[in-house]
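Visitor: Just passing along the structure, written as structure tokens.
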Amino acid sequence: MTLIILGHPNYENSLANKTIIDELQASDLSVEVRNISQLYPHYQIDTVEEQAALLRHQNIVFQYPLYWYNMPAILKQWFDQVLEYGFAYGSAGDKLKGKNFIPSFTVGAPEAEYQTLGEHHFRVYEFCKNLEQTAYYTGMNYVEPFYFYGTSLNAGYTELEVRSKAKNQAQELILKLRQFE
Ligand SMILES: Cc1cc2nc3c(=O)[nH]c(=O)nc-3n(C[C@H](O)[C@H](O)[C@H](O)COP(=O)(O)O)c2cc1C
């Protein structure tokens with residue numbers, strides 16, 4: 001029912017995203033996790049396999065760490081290849097129509113920095129417009145992104161804090177996914 005496209009180039013050292021994935025896998029939801037960095041270390045994405053995975057599910061979660069105000073390159077590559085003409089868009093490209101598009105990511109910096117006068121100036125949702133329009137263009141149902149701030153341990157957050165915020169995010173995501181069941 002739920003496909004999780006996990007785009008994390010350094011998952012071995014992940015705390016936030018790994019906690020979210022572990023929590024989802026420990027839930028009673030049926031989830032298929034595709035760790036695309038592990039599947040495609042050389043960015044040679046198997047479009048046919050990925051499209052087949054999309055066809056198996058109604059809910060598509062994109063799970064990733066925010067990199068340069070965006071998704072990591074492996075996930076962008078996945079979008080560029082998998083959402084092709086005739087599949088995801090174009091007159092006959094209706095295969096994703098009606099599926100739920102659910103971004104879930106983690107933000108290194110604290111919330112206070114994502115303000116006009118803060119270091120990152122813009123609110124996080126302003127960096128999500130491309131996701132929203134991608135969902136509309138493919139006929140998918142855009143779900144407001146799930147995210148939390150302050151994952152960077154070198155910014156002074158403790159492992160315990162990050163783990164607890166990550167678990168909260170996973171629980172909120174699980175609630176949303178249950179609504180779609
Ligand atoms: C290449 C790179 C770019 C990053 N860019 C951002 C960014 O634009 N904004 C931000 O708040 N954090 C940024 N970060 C911090 C990551 O978002 C943070 O490390 C991640 O959320 C932690 O998740 P994890 O514990 O699953 O690895 C960046 C980290 C890396 C390695």
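Simple scheme: letters A, B, ... for chains in structure tokens order, numbers from 1 for residues in each chain, numbers from 1 for ligands in the order shown.
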Quick one: contact table of chain A to ligand 1, 8 Å max, nearest atom pair and distance in Å to one decimal per residue, counting only C-alpha atoms and all ligand atoms, chain and number order, as CSV?

Guide:
residue,atom,partner,partner_atom_place_in_ligand_line,distance
A:His8,CA,ligand 1,26 (O),7.3
A:Asn10,CA,ligand 1,27 (O),6.7
A:Tyr11,CA,ligand 1,27 (O),6.5
A:Asn13,CA,ligand 1,27 (O),6.2
A:Ser14,CA,ligand 1,27 (O),3.7
A:Leu15,CA,ligand 1,25 (O),3.6
A:Ala16,CA,ligand 1,25 (O),3.8
A:Asn17,CA,ligand 1,26 (O),3.6
A:Lys18,CA,ligand 1,26 (O),5.7
A:Thr19,CA,ligand 1,26 (O),7.7
A:Tyr64,CA,ligand 1,26 (O),7.2
A:Pro65,CA,ligand 1,21 (O),4.1
A:Leu66,CA,ligand 1,17 (O),4.1
A:Tyr67,CA,ligand 1,5 (N),3.4
A:Trp68,CA,ligand 1,8 (O),3.3
A:Tyr69,CA,ligand 1,8 (O),3.9
A:Asn70,CA,ligand 1,8 (O),6.7
A:Pro72,CA,ligand 1,1 (C),7.6
A:Phe105,CA,ligand 1,21 (O),7.2
A:Thr106,CA,ligand 1,21 (O),4.2
A:Val107,CA,ligand 1,11 (O),4.3
A:Gly108,CA,ligand 1,12 (N),3.6
A:Ala109,CA,ligand 1,11 (O),3.9
A:Pro110,CA,ligand 1,11 (O),7.1
A:His120,CA,ligand 1,9 (N),7.9
A:Tyr149,CA,ligand 1,11 (O),7.2
A:Gly150,CA,ligand 1,11 (O),7.4
A:Thr151,CA,ligand 1,22 (C),5.1
A:Ser152,CA,ligand 1,19 (O),5.5

Visitor: Kindly save the residues from that selection, with C-alpha atoms included, as a short mmCIF file (atom, residue, chain, number, x, y, z; two decimals), in the first residue's frame.

Guide:
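Wrote it out as again-v2.cif, contents follow:
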data_model
loop_
_atom_site.label_atom_id
_atom_site.label_comp_id
_atom_site.auth_asym_id
_atom_site.auth_seq_id
_atom_site.Cartn_x
_atom_site.Cartn_y
_atom_site.Cartn_z
CA HIS A 8 19.90 9.27 1.52
CA ASN A 10 24.91 8.50 3.62
CA TYR A 11 22.36 6.25 5.26
CA ASN A 13 25.57 7.42 9.32
CA SER A 14 21.97 8.60 9.41
CA LEU A 15 20.22 9.24 12.68
CA ALA A 16 17.08 11.20 11.75
CA ASN A 17 16.01 9.43 8.56
CA LYS A 18 16.99 6.03 9.88
CA THR A 19 14.87 6.55 13.00
CA TYR A 64 15.23 12.29 2.59
CA PRO A 65 17.51 14.77 4.36
CA LEU A 66 17.29 18.35 3.08
CA TYR A 67 20.43 19.02 1.01
CA TRP A 68 21.00 22.55 -0.25
CA TYR A 69 17.33 23.44 0.25
CA ASN A 70 16.34 20.56 -1.95
CA PRO A 72 19.67 14.86 -2.56
CA PHE A 105 12.30 15.11 5.10
CA THR A 106 14.64 16.29 7.83
CA VAL A 107 16.16 19.76 8.19
CA GLY A 108 19.62 20.25 9.70
CA ALA A 109 19.29 23.86 10.85
CA PRO A 110 17.01 25.24 13.57
CA HIS A 120 18.38 30.76 5.45
CA TYR A 149 14.22 21.07 12.24
CA GLY A 150 17.52 20.73 14.03
CA THR A 151 18.95 17.37 13.06
CA SER A 152 22.56 18.53 13.06
#

Visitor: Can you pull out every residue within 7 Å of segment 142-144 of chain A, counting only C-alpha atoms, but drop anything in the same chain fewer than 2 positions away, and send it as JSON, numbers by chain?

Guide: {"A": [100, 101, 102, 132, 135, 140, 146]}

Visitor: Find the residue from A:Ser164, A:Thr47, A:Gln63, A:Gln115 that sits nearest to Tyr147 of chain A; use only C-alpha atoms when measuring.

Guide: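 Of A:Ser164, A:Thr47, A:Gln63, A:Gln115, the one nearest Tyr147 of chain A is A:Gln63, counting only C-alpha atoms.
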
Visitor: Please provide as a CSV table (one decimal) with C-alpha atoms, in the first residue's frame all residues within 9 Å of Gln58 of chain A, with the sequence filter that same-chain residues fewer than 3 positions apart are discarded (counting only C-alpha atoms).

Guide:
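Once written, out-v2.csv looks like this:
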chain,number,residue,atom,x,y,z
A,1,MET,CA,0.0,0.0,0.0
A,2,THR,CA,2.8,2.4,0.9
A,3,LEU,CA,6.0,2.9,-1.1
A,54,LEU,CA,5.0,2.8,-8.1
A,55,LEU,CA,2.3,0.9,-9.8
A,96,LEU,CA,0.4,8.1,-11.1
A,98,GLY,CA,-4.8,9.8,-7.9
A,99,LYS,CA,-1.9,8.4,-5.9
A,100,ASN,CA,-0.8,10.3,-2.8
A,180,PHE,CA,-5.6,6.7,3.4

Visitor: List the spatial neighbours of Asp46 of chain A as a list of chain:residue names - criterion: any atom at most 9 Å away, only C-alpha atoms, same-chain residues fewer than 3 positions off excluded.

Guide: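 Neighbouring residues, sequence-local ones excluded: A:Tyr40, A:Glu49, A:Glu50, A:Gln51, A:Gln81, A:Val82.
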
Visitor: Convert the current residue selection to file output with C-alpha atoms, as a PDB file, in the first residue's frame.

Guide:
ATOM      1  CA  TYR A  40      21.871   2.531  -7.397  1.00  0.00           C
ATOM      2  CA  GLU A  49      11.738  -1.521 -11.784  1.00  0.00           C
ATOM      3  CA  GLU A  50      10.931   1.825 -10.199  1.00  0.00           C
ATOM      4  CA  GLN A  51       7.826   2.360 -12.292  1.00  0.00           C
ATOM      5  CA  GLN A  81      14.281   9.183 -14.979  1.00  0.00           C
ATOM      6  CA  VAL A  82      11.239   7.513 -13.488  1.00  0.00           C
TER       7      VAL A  82
END

Visitor: Can you write out as JSON lines which residues of segment 27-73 of chain A fall within 10 Å of segment 171-176 of chain A, alongside each residue's closest atom pair and its distance in Å to one decimal, counting only C-alpha atoms and ordering rows by chain and ascending residue number?

Guide:
{"residue": "A:Ser27", "atom": "CA", "partner": "A:Ile174", "partner_atom": "CA", "distance": 7.9}
{"residue": "A:Asp28", "atom": "CA", "partner": "A:Ile174", "partner_atom": "CA", "distance": 9.3}
{"residue": "A:Leu29", "atom": "CA", "partner": "A:Ile174", "partner_atom": "CA", "distance": 7.7}
{"residue": "A:Val61", "atom": "CA", "partner": "A:Leu173", "partner_atom": "CA", "distance": 9.3}

Visitor: Taking 5 positions as the minimum chain separation for residues in the same chain, which residues sit within 12 Å of Gly90 of chain A when counting only C-alpha atoms? Answer as a PyMOL selection string.

Guide: chain A and resi 83-85+95-97+137-139

Visitor: Any chance you could export the current selection's C-alpha atoms as an mmCIF file, in the first residue's frame?

Guide:
data_model
loop_
_atom_site.group_PDB
_atom_site.id
_atom_site.type_symbol
_atom_site.label_atom_id
_atom_site.label_comp_id
_atom_site.auth_asym_id
_atom_site.auth_seq_id
_atom_site.Cartn_x
_atom_site.Cartn_y
_atom_site.Cartn_z
ATOM 1 C CA LEU A 83 8.569 10.167 -14.054
ATOM 2 C CA GLU A 84 8.892 9.943 -17.793
ATOM 3 C CA TYR A 85 6.610 11.075 -20.594
ATOM 4 C CA LYS A 95 -0.124 6.068 -14.275
ATOM 5 C CA LEU A 96 0.362 8.145 -11.123
ATOM 6 C CA LYS A 97 -2.982 9.879 -11.258
ATOM 7 C CA TYR A 137 1.573 17.894 -13.059
ATOM 8 C CA THR A 138 1.425 14.137 -12.570
ATOM 9 C CA GLY A 139 -2.168 14.224 -11.308
#

Visitor: List every residue of segment 64-144 of chain A that DSSP, applied to the backbone of this structure, assigns to strand (DSSP E or B), and report them as a VMD selection string.

Guide: chain A and resid 64 to 65 67 70 85 89 100 to 106 141 to 142

Visitor: Using backbone DSSP assignments, extract all alpha helix (DSSP H) residues from segment 1-133 of chain A; output them as a PyMOL selection string.

Guide: chain A and resi 16-26+36-39+47-55+73-82+129-133

Visitor: Would you mind exporting C-alpha atoms of the selected residues as a JSON list (two decimals), in the first residue's frame?

Guide:
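The result, written out as part03.json:
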[["chain", "number", "residue", "atom", "x", "y", "z"],
["A", 16, "ALA", "CA", 17.08, 11.20, 11.75],
["A", 17, "ASN", "CA", 16.01, 9.43, 8.56],
["A", 18, "LYS", "CA", 16.99, 6.03, 9.88],
["A", 19, "THR", "CA", 14.87, 6.55, 13.00],
["A", 20, "ILE", "CA", 11.88, 7.47, 10.83],
["A", 21, "ILE", "CA", 12.34, 4.43, 8.58],
["A", 22, "ASP", "CA", 12.79, 2.07, 11.57],
["A", 23, "GLU", "CA", 9.62, 3.46, 13.14],
["A", 24, "LEU", "CA", 7.62, 3.00, 9.93],
["A", 25, "GLN", "CA", 8.90, -0.55, 9.52],
["A", 26, "ALA", "CA", 8.03, -1.37, 13.12],
["A", 36, "ILE", "CA", 17.75, 4.13, -3.86],
["A", 37, "SER", "CA", 21.30, 5.14, -2.86],
["A", 38, "GLN", "CA", 22.00, 1.54, -1.95],
["A", 39, "LEU", "CA", 20.18, 0.13, -5.00],
["A", 47, "THR", "CA", 13.33, 2.97, -14.60],
["A", 48, "VAL", "CA", 11.25, -0.14, -15.32],
["A", 49, "GLU", "CA", 11.74, -1.52, -11.78],
["A", 50, "GLU", "CA", 10.93, 1.82, -10.20],
["A", 51, "GLN", "CA", 7.83, 2.36, -12.29],
["A", 52, "ALA", "CA", 6.66, -1.15, -11.40],
["A", 53, "ALA", "CA", 7.12, -0.32, -7.72],
["A", 54, "LEU", "CA", 5.05, 2.85, -8.14],
["A", 55, "LEU", "CA", 2.25, 0.87, -9.79],
["A", 73, "ALA", "CA", 20.87, 14.36, -6.14],
["A", 74, "ILE", "CA", 20.06, 10.63, -6.19],
["A", 75, "LEU", "CA", 16.40, 11.40, -5.54],
["A", 76, "LYS", "CA", 16.37, 14.16, -8.18],
["A", 77, "GLN", "CA", 17.88, 11.65, -10.61],
["A", 78, "TRP", "CA", 15.11, 9.23, -9.67],
["A", 79, "PHE", "CA", 12.46, 11.87, -10.51],
["A", 80, "ASP", "CA", 14.22, 12.78, -13.78],
["A", 81, "GLN", "CA", 14.28, 9.18, -14.98],
["A", 82, "VAL", "CA", 11.24, 7.51, -13.49],
["A", 129, "LYS", "CA", 6.88, 24.54, -4.39],
["A", 130, "ASN", "CA", 8.62, 22.33, -6.93],
["A", 131, "LEU", "CA", 7.36, 19.25, -5.10],
["A", 132, "GLU", "CA", 3.80, 20.55, -5.06],
["A", 133, "GLN", "CA", 3.78, 21.42, -8.76]]

Visitor: Need to verify the contact set: Val33 of chain A, 8 Å, only C-alpha atoms, exclusion of same-chain residues closer than 5 positions in sequence. Can you return it as a PyMOL selection string?

Guide: chain A and resi 3-6

Visitor: Just to confirm, what's the straight-line distance from atom CA of Ala88 of chain A to atom CA of Arg178 of chain A in Å (one decimal)?

Guide: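 Result for atom CA of Ala88 of chain A versus atom CA of Arg178 of chain A: 25.3 Å, one decimal.
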
Visitor: Provide the atom CA of Cys128 of chain A to atom CA of Met71 of chain A distance in Å, to one decimal place.

Guide: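 Interatomic distance here is 9.8 Å.
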